Structures are given as structure tokens and as C-alpha cells.
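Pasting protein_2.pdb here (PDB, C-alpha atoms, pLDDT in the B column):
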ATOM      1  CA  MET G 756    -100.727-265.361-163.825  1.00 39.00           C
ATOM      2  CA  GLN G 757    -102.503-263.428-166.480  1.00 48.00           C
ATOM      3  CA  SER G 758    -106.036-262.926-165.271  1.00 52.00           C
ATOM      4  CA  PHE G 759    -108.098-262.338-162.163  1.00 53.00           C
ATOM      5  CA  THR G 760    -109.822-265.689-162.715  1.00 78.00           C
ATOM      6  CA  HIS G 761    -106.483-267.528-162.577  1.00 79.00           C
ATOM      7  CA  HIS G 762    -105.645-265.620-159.406  1.00 80.00           C
ATOM      8  CA  ASP G 763    -108.962-266.726-157.860  1.00 84.00           C
ATOM      9  CA  VAL G 764    -108.403-270.354-158.869  1.00 86.00           C
ATOM     10  CA  LEU G 765    -104.906-270.352-157.394  1.00 86.00           C
ATOM     11  CA  SER G 766    -106.037-268.657-154.176  1.00 83.00           C
ATOM     12  CA  THR G 767    -108.848-271.168-153.692  1.00 83.00           C
ATOM     13  CA  LEU G 768    -106.540-274.105-154.364  1.00 85.00           C
ATOM     14  CA  LEU G 769    -103.962-272.821-151.903  1.00 82.00           C
ATOM     15  CA  ASN G 770    -106.608-272.840-149.180  1.00 77.00           C
ATOM     16  CA  THR G 771    -107.626-276.414-149.916  1.00 72.00           C
ATOM     17  CA  THR G 772    -104.245-277.924-150.891  1.00 67.00           C
ATOM     18  CA  PHE G 773    -102.039-276.464-148.194  1.00 68.00           C
ATOM     19  CA  GLY G 774    -104.784-276.006-145.635  1.00 59.00           C
ATOM     20  CA  ARG G 775    -104.872-279.810-145.250  1.00 57.00           C
ATOM     21  CA  GLN G 776    -101.097-280.299-145.044  1.00 56.00           C
ATOM     22  CA  GLY G 777    -100.754-280.166-141.268  1.00 55.00           C
ATOM     23  CA  SER G 778    -100.733-283.159-138.965  1.00 56.00           C
ATOM     24  CA  PRO G 779    -103.608-284.289-136.722  1.00 59.00           C
ATOM     25  CA  SER G 780    -101.303-284.059-133.684  1.00 61.00           C
ATOM     26  CA  GLY G 781    -100.486-280.427-134.482  1.00 68.00           C
ATOM     27  CA  THR G 782     -96.730-281.007-134.667  1.00 78.00           C
ATOM     28  CA  VAL G 783     -96.515-280.123-138.389  1.00 86.00           C
ATOM     29  CA  SER G 784     -97.831-277.022-140.116  1.00 87.00           C
ATOM     30  CA  VAL G 785     -97.714-276.190-143.827  1.00 88.00           C
ATOM     31  CA  THR G 786     -99.066-272.848-145.000  1.00 87.00           C
ATOM     32  CA  ALA G 787     -99.087-270.911-148.247  1.00 88.00           C
ATOM     33  CA  SER G 788     -99.447-267.239-149.071  1.00 88.00           C
ATOM     34  CA  PHE G 789     -99.815-265.598-152.452  1.00 85.00           C
ATOM     35  CA  ALA G 790     -98.968-261.963-153.218  1.00 86.00           C
ATOM     36  CA  GLY G 791     -98.564-260.568-156.715  1.00 85.00           C
ATOM     37  CA  ASN G 792     -96.727-263.285-158.610  1.00 89.00           C
ATOM     38  CA  THR G 793     -94.912-264.677-155.543  1.00 93.00           C
ATOM     39  CA  LEU G 794     -95.995-267.849-153.775  1.00 93.00           C
ATOM     40  CA  THR G 795     -94.486-268.493-150.335  1.00 94.00           C
ATOM     41  CA  LEU G 796     -94.761-271.929-148.728  1.00 93.00           C
ATOM     42  CA  LYS G 797     -93.896-272.362-145.051  1.00 93.00           C
ATOM     43  CA  TYR G 798     -93.308-275.612-143.211  1.00 93.00           C
ATOM     44  CA  LYS G 799     -92.877-275.887-139.447  1.00 93.00           C
ATOM     45  CA  THR G 800     -92.501-278.871-137.131  1.00 93.00           C
ATOM     46  CA  VAL G 801     -91.681-279.487-133.490  1.00 91.00           C
ATOM     47  CA  LEU G 802     -88.638-281.595-132.591  1.00 90.00           C
ATOM     48  CA  HIS G 803     -88.067-283.250-129.194  1.00 87.00           C
ATOM     49  CA  PHE G 804     -84.589-284.439-128.268  1.00 86.00           C
ATOM     50  CA  ALA G 805     -82.318-285.249-125.326  1.00 82.00           C
ATOM     51  CA  GLU G 806     -78.858-285.020-126.926  1.00 80.00           C
ATOM     52  CA  GLU G 807     -77.266-282.972-129.696  1.00 76.00           C
ATOM     53  CA  ARG G 808     -76.668-285.989-131.958  1.00 79.00           C
ATOM     54  CA  SER G 809     -80.339-286.920-131.625  1.00 83.00           C
ATOM     55  CA  LEU G 810     -81.253-283.386-132.690  1.00 84.00           C
ATOM     56  CA  GLN G 811     -79.071-283.574-135.815  1.00 86.00           C
ATOM     57  CA  MET G 812     -80.725-286.812-136.918  1.00 89.00           C
ATOM     58  CA  GLN G 813     -84.156-285.256-136.419  1.00 89.00           C
ATOM     59  CA  VAL G 814     -83.183-282.081-138.287  1.00 90.00           C
ATOM     60  CA  ASP G 815     -81.946-284.178-141.213  1.00 92.00           C
ATOM     61  CA  ARG G 816     -85.234-286.096-141.206  1.00 93.00           C
ATOM     62  CA  ALA G 817     -87.241-282.856-140.924  1.00 93.00           C
ATOM     63  CA  LYS G 818     -85.353-281.349-143.894  1.00 95.00           C
ATOM     64  CA  GLN G 819     -86.285-284.306-146.070  1.00 96.00           C
ATOM     65  CA  GLU G 820     -89.887-284.392-144.841  1.00 94.00           C
ATOM     66  CA  SER G 821     -90.299-280.659-145.442  1.00 95.00           C
ATOM     67  CA  MET G 822     -89.117-280.939-149.035  1.00 95.00           C
ATOM     68  CA  ASP G 823     -91.225-284.051-149.628  1.00 94.00           C
ATOM     69  CA  ARG G 824     -94.393-282.391-148.278  1.00 90.00           C
ATOM     70  CA  LEU G 825     -93.812-279.148-150.174  1.00 93.00           C
ATOM     71  CA  GLN G 826     -93.047-281.000-153.438  1.00 93.00           C
ATOM     72  CA  ALA G 827     -96.171-283.152-153.025  1.00 90.00           C
ATOM     73  CA  GLY G 828     -98.244-280.046-152.310  1.00 88.00           C
ATOM     74  CA  MET G 829     -96.896-278.257-155.383  1.00 92.00           C
ATOM     75  CA  ALA G 830     -97.573-281.299-157.573  1.00 93.00           C
ATOM     76  CA  GLN G 831    -101.163-281.472-156.293  1.00 90.00           C
ATOM     77  CA  LEU G 832    -101.562-277.720-156.765  1.00 90.00           C
ATOM     78  CA  LYS G 833    -100.404-277.951-160.401  1.00 92.00           C
ATOM     79  CA  LYS G 834    -102.694-280.917-161.086  1.00 93.00           C
ATOM     80  CA  ASP G 835    -105.737-279.232-159.539  1.00 91.00           C
ATOM     81  CA  PHE G 836    -104.982-275.931-161.288  1.00 91.00           C
ATOM     82  CA  LYS G 837    -104.859-277.721-164.659  1.00 92.00           C
ATOM     83  CA  GLU G 838    -108.198-279.443-163.942  1.00 91.00           C
ATOM     84  CA  LEU G 839    -109.954-276.206-162.955  1.00 88.00           C
ATOM     85  CA  SER G 840    -108.445-273.734-165.402  1.00 88.00           C
ATOM     86  CA  GLY G 841    -107.374-275.930-168.306  1.00 90.00           C
ATOM     87  CA  GLU G 842    -103.946-274.274-168.211  1.00 90.00           C
ATOM     88  CA  THR G 843    -100.567-275.251-166.841  1.00 93.00           C
ATOM     89  CA  LEU G 844     -99.354-273.613-163.631  1.00 92.00           C
ATOM     90  CA  LYS G 845     -95.680-272.717-163.909  1.00 94.00           C
ATOM     91  CA  LEU G 846     -93.679-272.316-160.692  1.00 94.00           C
ATOM     92  CA  LYS G 847     -90.055-271.158-160.618  1.00 95.00           C
ATOM     93  CA  GLU G 848     -88.089-271.550-157.403  1.00 95.00           C
ATOM     94  CA  LEU G 849     -86.638-268.236-156.229  1.00 97.00           C
ATOM     95  CA  LYS G 850     -85.212-269.385-152.911  1.00 97.00           C
ATOM     96  CA  SER G 851     -85.549-272.010-150.214  1.00 96.00           C
ATOM     97  CA  SER G 852     -84.154-271.738-146.713  1.00 97.00           C
ATOM     98  CA  ASP G 853     -84.485-273.529-143.417  1.00 96.00           C
ATOM     99  CA  SER G 854     -83.742-272.835-139.773  1.00 96.00           C
ATOM    100  CA  MET G 855     -83.882-274.458-136.370  1.00 93.00           C
ATOM    101  CA  GLU G 856     -84.837-272.618-133.187  1.00 92.00           C
ATOM    102  CA  LEU G 857     -84.261-274.032-129.718  1.00 89.00           C
ATOM    103  CA  VAL G 858     -87.420-273.316-127.715  1.00 88.00           C
ATOM    104  CA  SER G 859     -86.714-275.118-124.448  1.00 79.00           C
ATOM    105  CA  GLY G 860     -83.288-276.396-123.516  1.00 64.00           C
ATOM    106  CA  LEU G 861     -83.369-276.333-119.730  1.00 71.00           C
ATOM    107  CA  SER G 862     -84.875-279.759-119.034  1.00 73.00           C
ATOM    108  CA  HIS G 863     -83.590-283.170-120.102  1.00 79.00           C
ATOM    109  CA  ARG G 864     -86.228-283.157-122.867  1.00 82.00           C
ATOM    110  CA  LYS G 865     -85.401-280.273-125.174  1.00 86.00           C
ATOM    111  CA  VAL G 866     -87.782-278.787-127.743  1.00 89.00           C
ATOM    112  CA  ALA G 867     -86.935-277.070-131.031  1.00 90.00           C
ATOM    113  CA  TYR G 868     -88.808-275.711-134.056  1.00 93.00           C
ATOM    114  CA  TYR G 869     -87.646-276.638-137.537  1.00 95.00           C
ATOM    115  CA  ARG G 870     -88.820-274.238-140.257  1.00 96.00           C
ATOM    116  CA  ARG G 871     -88.504-274.118-144.041  1.00 97.00           C
ATOM    117  CA  THR G 872     -89.551-271.235-146.264  1.00 97.00           C
ATOM    118  CA  HIS G 873     -89.871-271.913-149.989  1.00 95.00           C
ATOM    119  CA  VAL G 874     -90.433-268.921-152.292  1.00 97.00           C
ATOM    120  CA  LEU G 875     -91.640-269.400-155.871  1.00 95.00           C
ATOM    121  CA  GLU G 876     -92.497-267.177-158.784  1.00 95.00           C
ATOM    122  CA  VAL G 877     -95.834-267.926-160.427  1.00 92.00           C
ATOM    123  CA  GLY G 878     -95.634-267.615-164.189  1.00 83.00           C
TER     124      GLY G 878
END
Would you give me this structure, written as C-alpha cells?
Amino acid sequence: MQSFTHHDVLSTLLNTTFGRQGSPSGTVSVTASFAGNTLTLKYKTVLHFAEERSLQMQVDRAKQESMDRLQAGMAQLKKDFKELSGETLKLKELKSSDSMELVSGLSHRKVAYYRRTHVLEVG
């Protein structure tokens, strides 16, 4: 990112591209934050399960969905950035991590959060 104008374009696009990435039911959230030359994308979803093996299948599915949604969002972001600024947006992956947090495990229907954080350098 070389200029204030590019920063403004990227900030505006992040609000519109990733602001629409959630689900109507509220079980999926995708957010983006931009500081300096670092772009952080966060994905979160709610998993419901009764048994451990069911949880593992859902976590595997959530991992794939998180990467698919983040990749699609980044592709749209690059396309829109090119249209508005006339320049190519370069993103370099710095790190990507995921986690699962058990929220409620006392009843027969257990609830967990699956989260992925994807950190990129904007060049």
C-alpha cells in the first residue's frame, strides 16, 4: 500500500466484501481488520454435536468452509480493488491458524465454536 487513497479503497472494500460474509442464521461470521500493512481475516461458526466423532466431522467441514469463504472473499477483494484503483492488490500469507472451543458440554446437545484467523501482508 503506497498511498492514502489505496488505504481508503481497501478499507471501504473490506467493509463491503467481508461485511456481507456472514450467514442469515447468524451461525457464521467473517470479519476483516486492517492495520498498517497487515490484513487480518477472522472466521467463526457454531457447531452442534452429540458425540465426539460427530464433532470431528463437523470440524473438518468447518476447516474447509472457512478456507473456501476466506479465499472467495480475498478473490473478490482483489477484483474489486483492481476495478476501483486500477492497480493489483498483492496479499502475502503470514500465518493461518484455527481453534475449537467447547462452549456447552453438559447436555446431550453440545455446542462449540470453530475459529480461523488468517493474517496477510498487504503489498
- [ ] Please provide the set of residues having any atom within 12 Å of Thr800 in chain G, restricted to all atoms listed in the file, with same-chain residues fewer than 5 positions apart removed, written as JSON, numbers by chain.
- [x] {"G": [776, 777, 778, 780, 781, 782, 783, 784, 785, 786, 813, 814, 816, 817, 818, 820, 821, 824, 853, 854, 855, 856, 866, 867, 868, 869, 870, 871]}
- [ ] Might you pull out every residue within 9 Å of Phe789 in chain G, with all atoms listed in the file counted and same-chain residues fewer than 3 positions away left off, and present them as number ranges by chain?
- [x] G: 765-766, 769, 792-796
Create the file for the chosen residues now, containing C-alpha atoms and written as a PDB file, in the coordinates of the input.
ATOM      1  CA  LEU G 765    -104.906-270.352-157.394  1.00 86.00           C
ATOM      2  CA  SER G 766    -106.037-268.657-154.176  1.00 83.00           C
ATOM      3  CA  LEU G 769    -103.962-272.821-151.903  1.00 82.00           C
ATOM      4  CA  ASN G 792     -96.727-263.285-158.610  1.00 89.00           C
ATOM      5  CA  THR G 793     -94.912-264.677-155.543  1.00 93.00           C
ATOM      6  CA  LEU G 794     -95.995-267.849-153.775  1.00 93.00           C
ATOM      7  CA  THR G 795     -94.486-268.493-150.335  1.00 94.00           C
ATOM      8  CA  LEU G 796     -94.761-271.929-148.728  1.00 93.00           C
TER       9      LEU G 796
END
Open item on the list: Expand the PyMOL selection byres ((chain G and resi 835) around 12) into the explicit residue set it covers here, and present it as a list in words.
Closed with: Val764, Leu765, Ser766, Thr767, Leu768, Leu769, Thr771, Thr772, Gly828, Met829, Ala830, Gln831, Leu832, Lys833, Lys834, Phe836, Lys837, Glu838, Leu839, Ser840, Gly841, Glu842, Thr843 and Leu844 of chain G
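Candidate residues G:Leu802, G:Asp763, G:Leu846, G:Ser852 were compared for distance to Gln826 in chain G, and the nearest is G:Leu846, using only C-alpha atoms.
Atom pair CA of Ser809 in chain G / CA of Lys797 in chain G: separated by 24.0 Å.
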Could you give me the axis-aligned bounding box of range 834-847 of chain G, with 5 Å of padding per side, as centre plus edge lengths in Å to one decimal, as AutoDock Vina command-line options?
--center_x -100.0 --center_y -276.0 --center_z -163.9 --size_x 29.9 --size_y 19.8 --size_z 18.8
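Atom pair CA of Ala787 in chain G / CA of Asp823 in chain G has a distance of 15.4 Å (rounded to one decimal).
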Open item on the list: With distances taken over only C-alpha atoms, which residue among G:Ala827, G:Gly878, G:Thr872, G:Lys850 lies nearest Lys799 in chain G?
Closed with: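 Under the stated criterion, the closest residue is G:Thr872.
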TODO: Calculate how many Å separate CA of Met822 in chain G from CA of Gly791 in chain G, rounding to one decimal.
DONE: 23.7 Å
Open item on the list: Evaluated on this file, the PyMOL selection byres ((chain G and resi 849) around 7) picks out some residues - which ones are they, written as a list in words?
Closed with: Lys847, Glu848, Lys850, Val874, Leu875 and Glu876 of chain G
TODO: Take the PyMOL selection byres ((chain G and resi 862) around 12), apply it to the structure above, and return the hits as a list in words.
DONE: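 Applying the PyMOL selection byres ((chain G and resi 862) around 12) to the structure shown produces His803, Phe804, Ala805, Glu806, Val858, Ser859, Gly860, Leu861, His863, Arg864, Lys865 and Val866 of chain G.
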- [ ] Between G:Leu825, G:Tyr798, G:Ser788, G:Met812, single out the one closest to Asn770 in chain G, counting only C-alpha atoms.
- [x]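 Closest to Asn770 in chain G of all the choices is G:Ser788.
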TODO: Using all atoms listed in the file, pick whichever of G:Leu810, G:Asp815, G:Val877, G:Lys845 has the shortest atom-to-atom distance to Leu857 in chain G.
DONE: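 Of G:Leu810, G:Asp815, G:Val877, G:Lys845, the one nearest Leu857 in chain G is G:Leu810, counting all atoms listed in the file.
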